[in-house]
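A.B. asks: The structure file query08.cif (mmCIF, C-alpha atoms and all ligand atoms) is provided below.
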```cif
data_target
loop_
_atom_site.label_atom_id
_atom_site.label_comp_id
_atom_site.auth_asym_id
_atom_site.auth_seq_id
_atom_site.Cartn_x
_atom_site.Cartn_y
_atom_site.Cartn_z
CA MET A 2 -61.50 24.27 60.65
CA ALA A 3 -62.50 25.41 57.17
CA GLU A 4 -61.85 22.98 54.35
CA SER A 5 -58.80 23.86 52.26
CA ALA A 6 -58.48 23.37 48.52
CA ALA A 7 -56.21 20.40 49.23
CA ASP A 8 -58.91 18.78 51.41
CA LYS A 9 -61.38 19.01 48.55
CA LEU A 10 -59.14 17.07 46.21
CA PHE A 11 -60.45 13.53 45.86
CA ASP A 12 -58.69 10.32 44.98
CA TYR A 13 -57.65 9.91 41.37
CA PRO A 14 -59.77 7.24 39.58
CA TYR A 15 -57.01 4.59 39.68
CA ARG A 16 -56.69 4.90 43.45
CA ARG A 17 -60.44 4.57 43.78
CA LEU A 18 -60.32 1.51 41.53
CA ALA A 19 -57.61 -0.05 43.71
CA LYS A 20 -59.90 0.43 46.73
CA LEU A 21 -62.91 -0.98 44.87
CA LEU A 22 -60.99 -4.13 43.95
CA ALA A 23 -59.03 -4.47 47.21
CA GLY A 24 -59.15 -8.04 48.53
CA ILE A 25 -60.52 -9.47 45.26
CA GLU A 26 -58.21 -11.98 43.60
CA PRO A 27 -58.23 -12.11 39.79
CA GLY A 28 -60.15 -15.18 38.69
CA MET A 29 -57.98 -15.79 35.59
CA SER A 30 -54.61 -14.61 34.27
CA PRO A 31 -54.89 -10.82 34.51
CA ILE A 32 -55.41 -8.60 31.48
CA LEU A 33 -55.10 -4.93 32.42
CA THR A 34 -57.36 -2.79 30.29
CA HIS A 35 -58.07 -0.07 32.84
CA VAL A 36 -55.14 2.22 31.91
CA GLY A 37 -54.81 4.11 28.64
CA GLU A 38 -51.19 3.18 28.18
CA PRO A 39 -50.24 2.15 24.63
CA GLN A 40 -48.45 -1.19 24.75
CA GLY A 41 -46.81 -0.81 21.33
CA GLN A 42 -43.29 0.52 20.96
CA PRO A 43 -42.21 3.79 19.36
CA PRO A 44 -39.91 3.46 16.31
CA GLY A 45 -36.35 2.25 16.92
CA PHE A 46 -34.87 5.60 15.88
CA VAL A 47 -36.00 7.06 19.21
CA SER A 48 -33.34 5.17 21.20
CA GLU A 49 -30.70 5.89 18.55
CA ILE A 50 -31.34 9.64 18.66
CA VAL A 51 -31.29 9.68 22.46
CA LEU A 52 -27.87 7.98 22.39
CA GLU A 53 -26.53 10.28 19.68
CA ASN A 54 -27.47 13.26 21.86
CA ALA A 55 -26.05 11.89 25.09
CA ASP A 56 -23.75 14.90 25.49
CA LEU A 57 -26.89 16.98 26.18
CA TRP A 58 -27.61 15.21 29.48
CA SER A 59 -25.33 17.75 31.11
CA LYS A 60 -27.55 20.67 30.04
CA TYR A 61 -30.49 22.23 31.85
CA PRO A 62 -33.17 22.24 29.16
CA ASP A 63 -34.75 25.51 28.08
CA PRO A 64 -38.27 25.54 29.61
CA ARG A 65 -39.67 26.76 26.33
CA GLY A 66 -38.07 23.89 24.38
CA THR A 67 -35.28 23.87 21.83
CA PRO A 68 -35.90 25.84 18.62
CA ASP A 69 -35.65 22.55 16.73
CA TYR A 70 -38.35 20.88 18.84
CA ARG A 71 -40.68 23.85 18.46
CA ALA A 72 -40.00 23.99 14.71
CA ALA A 73 -40.86 20.28 14.42
CA VAL A 74 -44.12 20.87 16.32
CA ALA A 75 -44.97 23.93 14.22
CA ASP A 76 -44.34 22.00 10.99
CA TRP A 77 -46.50 19.14 12.23
CA ILE A 78 -49.35 21.51 13.13
CA HIS A 79 -49.21 23.19 9.72
CA ARG A 80 -49.20 19.83 7.91
CA ARG A 81 -51.84 18.18 10.06
CA TYR A 82 -54.33 21.06 9.88
CA ALA A 83 -53.35 22.29 6.38
CA LEU A 84 -52.67 25.78 7.73
CA PRO A 85 -51.21 28.51 5.52
CA ASP A 86 -47.44 28.91 6.06
CA GLY A 87 -46.59 31.05 9.05
CA THR A 88 -49.97 30.67 10.79
CA ILE A 89 -48.32 29.45 14.00
CA ASP A 90 -45.15 31.18 15.11
CA PRO A 91 -42.95 28.64 16.92
CA ALA A 92 -41.21 31.46 18.81
CA THR A 93 -44.34 32.86 20.46
CA GLN A 94 -47.23 30.46 19.98
CA ILE A 95 -45.74 27.14 21.05
CA THR A 96 -44.20 25.89 24.24
CA THR A 97 -43.16 22.44 25.34
CA ALA A 98 -44.88 20.41 28.00
CA CYS A 99 -43.72 17.25 29.74
CA GLY A 100 -46.72 15.47 28.29
CA THR A 101 -50.06 17.22 28.24
CA ARG A 102 -50.98 16.31 31.83
CA GLU A 103 -48.88 18.90 33.61
CA ALA A 104 -49.68 21.62 31.09
CA LEU A 105 -53.42 20.95 31.32
CA PHE A 106 -53.14 21.28 35.09
CA GLN A 107 -51.01 24.43 34.98
CA ALA A 108 -53.25 26.08 32.40
CA GLY A 109 -56.34 25.50 34.56
CA VAL A 110 -54.76 27.03 37.65
CA LEU A 111 -53.51 29.93 35.54
CA ALA A 112 -56.90 30.47 33.89
CA ALA A 113 -58.59 30.73 37.30
CA ALA A 114 -56.01 33.29 38.40
CA ILE A 115 -56.54 35.34 35.22
CA LYS A 116 -60.34 35.32 35.51
CA ARG A 117 -60.66 36.04 39.23
CA PRO A 118 -60.16 39.87 39.05
CA ASP A 119 -63.07 40.12 36.55
CA LEU A 120 -65.52 38.62 39.04
CA PRO A 121 -67.34 40.18 41.99
CA ALA A 122 -65.45 39.69 45.26
CA GLY A 123 -65.95 36.21 46.67
CA GLU A 124 -67.28 34.73 43.43
CA LYS A 125 -65.23 31.81 42.25
CA PRO A 126 -64.51 31.30 38.57
CA TYR A 127 -65.95 28.19 36.98
CA ILE A 128 -63.80 25.60 35.30
CA GLY A 129 -65.89 23.71 32.77
CA LEU A 130 -65.17 20.05 32.35
CA PRO A 131 -66.94 17.09 30.80
CA ASN A 132 -68.76 14.61 33.02
CA PRO A 133 -67.15 12.02 32.78
CA ALA A 134 -63.67 13.54 32.45
CA TYR A 135 -59.96 13.03 32.58
CA HIS A 136 -59.51 13.95 36.23
CA VAL A 137 -56.51 16.25 35.86
CA TYR A 138 -59.07 18.96 34.99
CA TYR A 139 -60.61 18.55 38.45
CA GLY A 140 -57.19 18.82 40.05
CA ALA A 141 -56.65 22.15 38.30
CA ALA A 142 -60.10 23.44 39.28
CA LEU A 143 -59.71 22.54 42.93
CA MET A 144 -56.10 23.59 43.38
CA GLY A 145 -56.83 26.80 41.48
CA GLU A 146 -59.65 27.46 43.97
CA ALA A 147 -62.16 27.58 41.19
CA GLU A 148 -65.56 25.87 41.02
CA PRO A 149 -65.55 22.72 38.87
CA LEU A 150 -68.53 22.80 36.53
CA PRO A 151 -69.13 19.27 35.24
CA VAL A 152 -71.23 19.22 32.05
CA PRO A 153 -72.96 15.99 30.92
CA ALA A 154 -71.00 14.13 28.26
CA ALA A 155 -71.60 10.43 28.83
CA GLU A 156 -74.33 9.67 26.33
CA ALA A 157 -74.97 9.44 22.60
CA GLU A 158 -77.57 12.22 22.99
CA THR A 159 -74.78 14.75 23.67
CA ASN A 160 -72.47 13.17 21.07
CA TYR A 161 -70.43 12.08 24.14
CA LEU A 162 -69.18 15.66 24.57
CA PRO A 163 -70.09 18.59 26.85
CA ASP A 164 -72.17 21.35 25.24
CA TYR A 165 -70.66 24.47 26.83
CA PRO A 166 -72.03 27.05 24.38
CA SER A 167 -75.60 26.11 25.37
CA LEU A 168 -75.03 26.97 29.05
CA PRO A 169 -76.72 30.15 30.31
CA PRO A 170 -74.73 33.32 29.49
CA GLU A 171 -74.33 34.26 33.17
CA ILE A 172 -72.59 30.90 33.76
CA LEU A 173 -70.35 31.39 30.74
CA ASP A 174 -69.43 34.86 31.99
CA ARG A 175 -67.95 33.23 35.09
CA MET A 176 -66.04 30.59 33.15
CA ALA A 177 -62.24 30.76 33.38
CA VAL A 178 -61.53 27.82 31.13
CA ALA A 179 -63.57 25.10 29.46
CA TYR A 180 -61.78 21.82 28.88
CA LEU A 181 -62.83 19.94 25.78
CA CYS A 182 -61.20 16.61 25.06
CA THR A 183 -61.59 15.49 21.45
CA PRO A 184 -61.34 12.62 20.65
CA SER A 185 -62.60 12.12 24.14
CA ASN A 186 -61.30 10.01 26.96
CA PRO A 187 -63.32 8.10 28.09
CA THR A 188 -66.28 8.31 25.72
CA GLY A 189 -64.66 8.36 22.27
CA GLY A 190 -66.75 11.37 21.20
CA VAL A 191 -65.24 13.57 18.50
CA ALA A 192 -66.17 17.22 17.99
CA ASP A 193 -66.86 18.30 14.42
CA LEU A 194 -65.66 21.62 13.04
CA GLN A 195 -68.95 23.36 13.70
CA THR A 196 -68.90 22.30 17.36
CA LEU A 197 -65.35 23.57 17.74
CA VAL A 198 -66.24 26.87 16.10
CA ARG A 199 -69.23 27.31 18.44
CA ASN A 200 -66.98 26.59 21.41
CA LEU A 201 -64.31 29.06 20.33
CA GLU A 202 -66.91 31.74 19.62
CA ALA A 203 -68.46 31.23 23.06
CA ALA A 204 -65.04 31.43 24.72
CA ARG A 205 -64.32 34.73 22.99
CA ARG A 206 -67.77 36.17 23.64
CA HIS A 207 -67.59 35.38 27.36
CA GLY A 208 -63.87 35.91 27.93
CA TYR A 209 -62.71 32.43 28.88
CA ILE A 210 -60.07 30.06 27.57
CA LEU A 211 -60.96 27.08 25.41
CA ALA A 212 -58.51 24.33 26.39
CA LEU A 213 -58.59 21.63 23.75
CA ASP A 214 -57.09 18.38 24.93
CA GLU A 215 -56.28 16.75 21.59
CA CYS A 216 -53.88 14.05 22.76
CA TYR A 217 -55.93 11.36 20.96
CA SER A 218 -56.15 13.37 17.73
CA GLU A 219 -54.21 10.85 15.64
CA ILE A 220 -56.22 7.79 16.65
CA PHE A 221 -59.48 7.87 14.76
CA ASN A 222 -61.86 5.80 12.73
CA GLY A 223 -61.82 5.96 8.94
CA GLU A 224 -59.81 8.18 6.66
CA THR A 225 -60.72 11.68 7.79
CA PRO A 226 -58.78 13.08 10.75
CA PRO A 227 -60.84 14.81 13.42
CA ALA A 228 -61.03 18.59 13.23
CA GLY A 229 -59.10 20.48 15.88
CA GLY A 230 -58.77 23.86 17.50
CA PHE A 231 -56.58 25.20 14.72
CA ASP A 232 -59.27 24.39 12.15
CA ALA A 233 -61.77 26.34 14.22
CA ALA A 234 -59.41 29.31 14.52
CA GLN A 235 -58.88 29.26 10.74
CA ALA A 236 -62.61 29.09 10.11
CA LEU A 237 -63.00 32.21 12.26
CA GLY A 238 -60.36 34.21 10.38
CA GLY A 239 -57.06 32.93 11.79
CA SER A 240 -56.76 34.56 15.21
CA MET A 241 -55.66 32.21 18.02
CA ASP A 242 -57.20 34.37 20.76
CA ASN A 243 -58.58 32.42 23.73
CA LEU A 244 -57.40 29.12 22.29
CA LEU A 245 -54.96 26.64 23.80
CA VAL A 246 -54.37 23.28 22.12
CA PHE A 247 -52.61 20.48 24.01
CA ASN A 248 -51.06 17.45 22.36
CA SER A 249 -48.26 14.96 22.94
CA LEU A 250 -46.45 11.94 21.54
CA SER A 251 -47.84 9.67 24.25
CA LYS A 252 -50.74 8.22 22.26
CA ARG A 253 -49.80 9.27 18.72
CA SER A 254 -46.39 7.62 18.86
CA SER A 255 -46.91 5.10 21.70
CA ALA A 256 -44.32 7.02 23.70
CA PRO A 257 -45.88 8.01 27.03
CA GLY A 258 -42.52 7.53 28.73
CA LEU A 259 -40.85 10.16 26.58
CA ARG A 260 -43.00 12.91 28.17
CA CYS A 261 -42.92 15.03 25.02
CA GLY A 262 -45.83 17.35 24.42
CA PHE A 263 -46.75 20.90 23.53
CA VAL A 264 -49.19 23.70 24.13
CA ALA A 265 -49.94 26.00 21.22
CA GLY A 266 -52.30 28.85 20.44
CA ASP A 267 -52.87 32.31 21.91
CA ALA A 268 -49.46 34.00 22.18
CA GLY A 269 -50.39 36.01 25.28
CA LEU A 270 -51.50 32.88 27.11
CA ILE A 271 -48.47 30.91 25.93
CA GLU A 272 -46.24 33.64 27.36
CA LYS A 273 -47.97 33.27 30.73
CA ILE A 274 -47.64 29.48 30.63
CA VAL A 275 -43.93 29.84 29.87
CA MET A 276 -43.66 32.16 32.87
CA VAL A 277 -45.41 29.68 35.18
CA ARG A 278 -43.36 26.78 33.83
CA GLY A 279 -40.21 28.77 34.48
CA TYR A 280 -41.06 28.49 38.17
CA GLY A 281 -42.63 25.09 38.59
CA GLY A 282 -42.68 23.17 35.32
CA ALA A 283 -40.74 20.00 34.60
CA GLN A 284 -38.60 20.35 31.48
CA ILE A 285 -38.09 17.76 28.77
CA PRO A 286 -34.42 16.67 28.79
CA GLU A 287 -32.74 17.71 25.55
CA PRO A 288 -31.81 14.18 24.33
CA LEU A 289 -35.50 13.30 24.64
CA MET A 290 -36.56 16.49 22.90
CA ALA A 291 -34.30 15.57 19.98
CA ALA A 292 -36.03 12.19 19.69
CA GLY A 293 -39.41 13.86 20.14
CA ALA A 294 -38.71 16.27 17.27
CA ALA A 295 -37.94 13.30 15.00
CA LEU A 296 -41.22 11.63 16.00
CA TRP A 297 -43.24 14.76 15.17
CA ARG A 298 -41.56 14.70 11.74
CA ASP A 299 -42.49 11.09 11.02
CA GLU A 300 -45.98 9.95 10.03
CA VAL A 301 -45.14 6.40 8.89
CA HIS A 302 -45.34 4.94 12.39
CA VAL A 303 -48.51 6.92 13.11
CA VAL A 304 -50.33 5.51 10.10
CA LYS A 305 -49.26 2.00 11.15
CA ASN A 306 -50.44 2.62 14.70
CA ARG A 307 -53.82 3.83 13.55
CA ALA A 308 -54.32 0.70 11.45
CA LEU A 309 -53.53 -1.43 14.52
CA TYR A 310 -56.14 0.39 16.61
CA SER A 311 -58.65 0.09 13.81
CA GLY A 312 -58.10 -3.70 13.81
CA LEU A 313 -58.72 -3.76 17.58
CA PHE A 314 -62.01 -1.91 17.13
CA ASP A 315 -62.99 -4.41 14.43
CA ILE A 316 -62.49 -7.13 17.04
CA ALA A 317 -64.67 -5.18 19.48
CA ASP A 318 -67.37 -4.73 16.80
CA GLY A 319 -67.38 -8.48 16.19
CA ILE A 320 -67.87 -9.23 19.88
CA PHE A 321 -70.18 -6.42 21.03
CA GLY A 322 -71.91 -5.46 17.78
CA ASP A 323 -75.18 -7.01 19.00
CA VAL A 324 -75.14 -5.25 22.39
CA PRO A 325 -77.85 -2.54 22.57
CA GLY A 326 -76.20 0.87 22.78
CA TYR A 327 -72.75 -0.38 21.77
CA VAL A 328 -71.03 2.30 19.70
CA ARG A 329 -67.71 2.02 17.92
CA PRO A 330 -65.99 5.19 19.16
CA ALA A 331 -65.24 7.85 16.56
CA GLY A 332 -61.76 8.34 18.01
CA GLY A 333 -59.32 7.48 20.78
CA PHE A 334 -58.66 3.94 21.92
CA PHE A 335 -61.29 3.33 24.62
CA LEU A 336 -64.45 1.29 24.52
CA TRP A 337 -67.22 3.02 26.46
CA LEU A 338 -69.39 0.03 27.01
CA PRO A 339 -72.91 0.25 28.43
CA VAL A 340 -73.52 -1.96 31.48
CA ALA A 341 -76.09 -2.18 34.24
CA ASP A 342 -73.78 -1.06 37.08
CA SER A 343 -70.23 0.01 36.37
CA GLU A 344 -68.69 -0.75 39.76
CA ARG A 345 -70.31 -4.14 40.08
CA ALA A 346 -69.24 -4.96 36.53
CA ALA A 347 -65.62 -4.04 37.32
CA GLN A 348 -65.62 -6.20 40.45
CA ARG A 349 -67.13 -9.17 38.66
CA LEU A 350 -64.78 -8.87 35.69
CA TRP A 351 -61.76 -8.87 37.99
CA ALA A 352 -63.04 -11.67 40.22
CA GLU A 353 -64.39 -13.96 37.51
CA ALA A 354 -62.23 -13.16 34.47
CA GLY A 355 -59.09 -11.32 35.62
CA VAL A 356 -59.97 -8.37 33.37
CA LYS A 357 -59.37 -5.01 34.99
CA VAL A 358 -61.59 -2.24 33.62
CA LEU A 359 -62.37 1.27 34.82
CA PRO A 360 -65.96 1.88 35.99
CA GLY A 361 -67.49 4.96 34.38
CA LYS A 362 -68.60 6.02 37.84
CA LEU A 363 -64.98 6.57 38.86
CA MET A 364 -64.41 8.96 35.97
CA SER A 365 -67.54 10.96 36.77
CA ARG A 366 -68.94 13.20 39.49
CA PRO A 367 -72.35 12.88 41.17
CA THR A 368 -75.21 14.85 39.74
CA ASP A 369 -77.80 14.14 42.44
CA ALA A 370 -78.13 13.69 46.18
CA GLU A 371 -78.06 9.90 45.83
CA GLY A 372 -74.59 10.16 44.33
CA ARG A 373 -75.60 8.95 40.87
CA THR A 374 -73.22 9.91 38.08
CA PRO A 375 -73.52 9.96 34.28
CA GLY A 376 -70.89 7.22 34.12
CA ASP A 377 -72.72 4.70 36.32
CA GLY A 378 -73.93 2.77 33.30
CA PHE A 379 -70.59 2.39 31.48
CA ILE A 380 -67.22 0.75 31.80
CA ARG A 381 -64.09 2.00 30.05
CA ILE A 382 -61.86 -0.56 28.37
CA ALA A 383 -58.53 0.50 26.88
CA LEU A 384 -57.78 -1.32 23.63
CA VAL A 385 -54.02 -1.11 23.91
CA HIS A 386 -52.81 -4.72 23.82
CA GLU A 387 -51.98 -7.16 21.05
CA PRO A 388 -55.02 -8.35 19.05
CA ASP A 389 -55.06 -11.80 20.70
CA ALA A 390 -55.04 -10.32 24.20
CA VAL A 391 -57.76 -7.84 23.24
CA ARG A 392 -59.91 -10.62 21.76
CA ASP A 393 -59.37 -12.71 24.88
CA ALA A 394 -60.22 -9.83 27.24
CA LEU A 395 -63.35 -8.78 25.35
CA THR A 396 -64.58 -12.36 25.02
CA ARG A 397 -64.22 -12.76 28.78
CA VAL A 398 -66.09 -9.48 29.34
CA LYS A 399 -68.96 -10.68 27.17
CA GLN A 400 -69.10 -14.08 28.88
CA VAL A 401 -69.07 -12.71 32.42
CA LEU A 402 -71.48 -9.81 31.95
CA GLN A 403 -73.94 -11.45 29.53
CA ASN A 404 -77.31 -9.93 30.54
CA GLU A 405 -75.67 -7.04 32.40
CA LEU A 406 -74.41 -5.65 29.11
CA GLY A 407 -76.19 -3.06 27.04
CA ARG A 408 -77.94 0.21 27.36
CA ASP A 409 -81.15 -1.10 28.92
CA ALA A 410 -79.60 -3.81 31.04
CA GLY A 411 -80.05 -1.80 34.24
CA ALA A 412 -83.67 -0.91 33.46
CA ALA A 413 -84.57 -4.50 32.65
CA GLU A 414 -83.15 -5.61 35.96
CA ALA A 415 -84.78 -2.91 38.10
C1 LIG A 501 -57.60 12.86 28.07
C2 LIG A 501 -56.16 12.82 28.40
N1 LIG A 501 -55.49 13.97 28.43
C3 LIG A 501 -54.19 14.01 28.75
C4 LIG A 501 -53.50 12.85 29.06
C5 LIG A 501 -52.08 12.97 29.47
O1 LIG A 501 -51.22 12.36 28.60
P1 LIG A 501 -49.72 12.85 28.44
O2 LIG A 501 -49.38 13.64 29.65
O3 LIG A 501 -48.94 11.60 28.37
O4 LIG A 501 -49.70 13.68 27.21
C6 LIG A 501 -54.16 11.62 29.04
C7 LIG A 501 -53.46 10.39 29.40
O5 LIG A 501 -53.98 9.35 29.60
C8 LIG A 501 -55.53 11.61 28.70
O6 LIG A 501 -56.22 10.47 28.64
#
```
Take the structure in the file and give it back as structure tokens.

C.D. replies:
Amino acid sequence: MAESAADKLFDYPYRRLAKLLAGIEPGMSPILTHVGEPQGQPPGFVSEIVLENADLWSKYPDPRGTPDYRAAVADWIHRRYALPDGTIDPATQITTACGTREALFQAGVLAAAIKRPDLPAGEKPYIGLPNPAYHVYYGAALMGEAEPLPVPAAEAETNYLPDYPSLPPEILDRMAVAYLCTPSNPTGGVADLQTLVRNLEAARRHGYILALDECYSEIFNGETPPAGGFDAAQALGGSMDNLLVFNSLSKRSSAPGLRCGFVAGDAGLIEKIVMVRGYGGAQIPEPLMAAGAALWRDEVHVVKNRALYSGLFDIADGIFGDVPGYVRPAGGFFLWLPVADSERAAQRLWAEAGVKVLPGKLMSRPTDAEGRTPGDGFIRIALVHEPDAVRDALTRVKQVLQNELGRDAGAAEA
């Protein structure tokens, strides 16, 4: 029997990690750094607003989001990217998403459906994604019956990002959507304005969608916020054509449980996403949307959050600063730490130190017949705990891995 799209879907990285570590007992009290789940709390006003709006539990939420929520998002976008008033119309260029995950998935499936009629019969559209990547992009590619096109993004040489515009034009002509995550999970790479402009130009030239996953946009190093899709659109004259930007309160406000996000950009595409979500999208309950709107309007907690993450990266610098190839990520909250063998490192760290990390291999896809991936030489560590727990975890990592750490550790051993 022919293989269906569902058969091609592979286990999500966390399921593969559970299999890799099955039967191994943690050697010390566990510290879980494999999941990118902020352990801080959102501001107290969130619970108060949810309670104040309890009468709204009896309402089916509007799939597009309340006008107030969309206005709060539009105001935030204008402030954050210093856009001229009225650049983004909350009525037509913004829709809600229950976090970015479901919208990223839906947009990929939709993009494949939009592109397919432009291609010769039997030719599948490509869905461009970084290698390594957040795996929801693969889910969209496979369930949308498109061809995933993983583009190398693991190393400093590529600035830890995929370089789509440099792909051959005939490949770009088949592209339905290119996912670009900046700041990137897992590598911490951040696209500069010029890179974003090149990507948007390529998307327009070749008729595909640029899907910018910006859910880590507010967690960055230093004083200057990373550029985003809206900056690129402004630099190119203001049109939002071919652009979709995804963001949420999950990382920015340490509120992944609130499931409050948005998609914004090209009005024609937003209309199609609204249509799809009207059939199969989860809606954000209105009491939660009210709290979400207040979070988008508040920057105080975001500034505090960023300072906390910066302190965690200072701890990492102190511990790994002498490791060859160690790079303090430009954004996001993951360490992308070079090791000799990512799966062996994860097993040893769990067995000997009780630290659970995600092997880069599990976030990547093979690029050769031997099954090697660009993530084989890295582990991902989420810096999401209190400083003492982070210091403890990273110290254990350093002690256990010792001469398996660093860019050339594998080569030295071979
Ligand atoms: C790169 C990336 N995109 C999207 C998401 C989804 O986050 P949410 O659905 O909470 O917005 C995550 C969550 O870990 C992520 O790492």

A.B. asks: Here is a test: counting all atoms listed in the file, which residue of A:Ser311, A:Gln42, A:Asn54, A:Asn404 is nearest to Ala341 of chain A?

C.D. replies: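 Smallest distance to Ala341 of chain A is found for A:Asn404.
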
A.B. asks: Around all listed atoms of ligand LIG 501 (chain A), padded 8 Å per side, what centre and edge lengths does the axis-aligned box have in Å to one decimal, as lines of an AutoDock Vina configuration file?

C.D. replies:
```
center_x = -53.3
center_y = 11.7
center_z = 28.4
size_x = 24.7
size_y = 20.7
size_z = 18.4
```

A.B. asks: With ligand LIG 501 (chain A) as the partner and 7 Å as the cut-off, tabulate the residues of chain A that qualify, each row holding the nearest pair of atoms and their distance in Å to one decimal, using all atoms listed in the file, sorted by chain and rising number, as a Markdown table.

C.D. replies:
```
| residue | atom | partner | partner_atom | distance |
| --- | --- | --- | --- | --- |
| A:Gly37 | CA | A:LIG501 | O5 | 5.4 |
| A:Glu38 | CA | A:LIG501 | O5 | 6.9 |
| A:Cys99 | CA | A:LIG501 | O2 | 6.7 |
| A:Gly100 | CA | A:LIG501 | O2 | 3.5 |
| A:Thr101 | CA | A:LIG501 | O4 | 3.7 |
| A:Arg102 | CA | A:LIG501 | O2 | 3.8 |
| A:Glu103 | CA | A:LIG501 | O2 | 6.6 |
| A:Tyr135 | CA | A:LIG501 | C1 | 5.1 |
| A:Cys182 | CA | A:LIG501 | C1 | 6.0 |
| A:Ser185 | CA | A:LIG501 | C1 | 6.4 |
| A:Asn186 | CA | A:LIG501 | C1 | 4.8 |
| A:Asp214 | CA | A:LIG501 | N1 | 5.9 |
| A:Cys216 | CA | A:LIG501 | N1 | 5.9 |
| A:Asn248 | CA | A:LIG501 | O4 | 6.3 |
| A:Ser249 | CA | A:LIG501 | O4 | 4.7 |
| A:Leu250 | CA | A:LIG501 | O4 | 6.8 |
| A:Ser251 | CA | A:LIG501 | O3 | 4.7 |
| A:Pro257 | CA | A:LIG501 | O3 | 4.9 |
| A:Arg260 | CA | A:LIG501 | O3 | 6.1 |
| A:Gly262 | CA | A:LIG501 | O4 | 6.0 |
```

A.B. asks: Keeping only C-alpha atoms, write the selected residues to a file as a PDB file, keeping the file's coordinate frame.

C.D. replies:
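After the write, part-v8.pdb holds the following:
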```pdb
ATOM      1  CA  GLY A  37     -54.810   4.110  28.640  1.00  0.00           C
ATOM      2  CA  GLU A  38     -51.190   3.180  28.180  1.00  0.00           C
ATOM      3  CA  CYS A  99     -43.720  17.250  29.740  1.00  0.00           C
ATOM      4  CA  GLY A 100     -46.720  15.470  28.290  1.00  0.00           C
ATOM      5  CA  THR A 101     -50.060  17.220  28.240  1.00  0.00           C
ATOM      6  CA  ARG A 102     -50.980  16.310  31.830  1.00  0.00           C
ATOM      7  CA  GLU A 103     -48.880  18.900  33.610  1.00  0.00           C
ATOM      8  CA  TYR A 135     -59.960  13.030  32.580  1.00  0.00           C
ATOM      9  CA  CYS A 182     -61.200  16.610  25.060  1.00  0.00           C
ATOM     10  CA  SER A 185     -62.600  12.120  24.140  1.00  0.00           C
ATOM     11  CA  ASN A 186     -61.300  10.010  26.960  1.00  0.00           C
ATOM     12  CA  ASP A 214     -57.090  18.380  24.930  1.00  0.00           C
ATOM     13  CA  CYS A 216     -53.880  14.050  22.760  1.00  0.00           C
ATOM     14  CA  ASN A 248     -51.060  17.450  22.360  1.00  0.00           C
ATOM     15  CA  SER A 249     -48.260  14.960  22.940  1.00  0.00           C
ATOM     16  CA  LEU A 250     -46.450  11.940  21.540  1.00  0.00           C
ATOM     17  CA  SER A 251     -47.840   9.670  24.250  1.00  0.00           C
ATOM     18  CA  PRO A 257     -45.880   8.010  27.030  1.00  0.00           C
ATOM     19  CA  ARG A 260     -43.000  12.910  28.170  1.00  0.00           C
ATOM     20  CA  GLY A 262     -45.830  17.350  24.420  1.00  0.00           C
TER      21      GLY A 262
END
```

A.B. asks: So, counting only C-alpha atoms, which residue among A:Arg17, A:Arg349, A:Arg117, A:Lys9 is closest to Lys399 of chain A?

C.D. replies: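 Of A:Arg17, A:Arg349, A:Arg117, A:Lys9, the one nearest Lys399 of chain A is A:Arg349, counting only C-alpha atoms.
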
A.B. asks: Which residues, written as a PDB file with C-alpha atoms, keeping the file's coordinate frame, have at least one atom at most 9 Å from Ala354 of chain A, with all atoms listed in the file counted and residues fewer than 6 positions away on the same chain left out?

C.D. replies:
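Heads up, here's the output in result.pdb:
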```pdb
ATOM      1  CA  PRO A  27     -58.230 -12.110  39.790  1.00  0.00           C
ATOM      2  CA  GLY A  28     -60.150 -15.180  38.690  1.00  0.00           C
ATOM      3  CA  MET A  29     -57.980 -15.790  35.590  1.00  0.00           C
ATOM      4  CA  SER A  30     -54.610 -14.610  34.270  1.00  0.00           C
ATOM      5  CA  PRO A  31     -54.890 -10.820  34.510  1.00  0.00           C
ATOM      6  CA  ILE A  32     -55.410  -8.600  31.480  1.00  0.00           C
ATOM      7  CA  ALA A 394     -60.220  -9.830  27.240  1.00  0.00           C
ATOM      8  CA  ARG A 397     -64.220 -12.760  28.780  1.00  0.00           C
ATOM      9  CA  VAL A 398     -66.090  -9.480  29.340  1.00  0.00           C
ATOM     10  CA  GLN A 400     -69.100 -14.080  28.880  1.00  0.00           C
ATOM     11  CA  VAL A 401     -69.070 -12.710  32.420  1.00  0.00           C
TER      12      VAL A 401
END
```

A.B. asks: Provide the atom CA of Glu287 of chain A to atom CA of Trp58 of chain A distance in Å, to one decimal place.

C.D. replies: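 One can read the atom CA of Glu287 of chain A to atom CA of Trp58 of chain A distance as 6.9 Å.
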
A.B. asks: Give one line per residue of segment 170-265 of chain A that approaches segment 139-160 of chain A to at most 8 Å, naming the two atoms of the closest pair and their distance in Å to one decimal, counting all atoms listed in the file; sort by chain then ascending residue number and deliver it as CSV.

C.D. replies:
```
residue,atom,partner,partner_atom,distance
A:Thr188,CA,A:Ala155,CA,6.5
A:Gly190,CA,A:Asn160,CA,6.0
A:Val191,CA,A:Asn160,CA,7.7
```

A.B. asks: Considering only C-alpha atoms, can you say which of A:Trp297, A:Arg16, A:Asn132, A:Asp315 comes closest to Asp377 of chain A?

C.D. replies: A:Asn132

A.B. asks: Would you mind telling me which residue in A:Pro131, A:Pro339, A:Pro227, A:Pro91 lies nearest to His79 of chain A when using all atoms listed in the file?

C.D. replies: A:Pro91

A.B. asks: For Gly230 of chain A, which residue out of A:Asp267, A:Glu353, A:Asp69, A:Asp299 is the nearest one, using only C-alpha atoms?

C.D. replies: A:Asp267
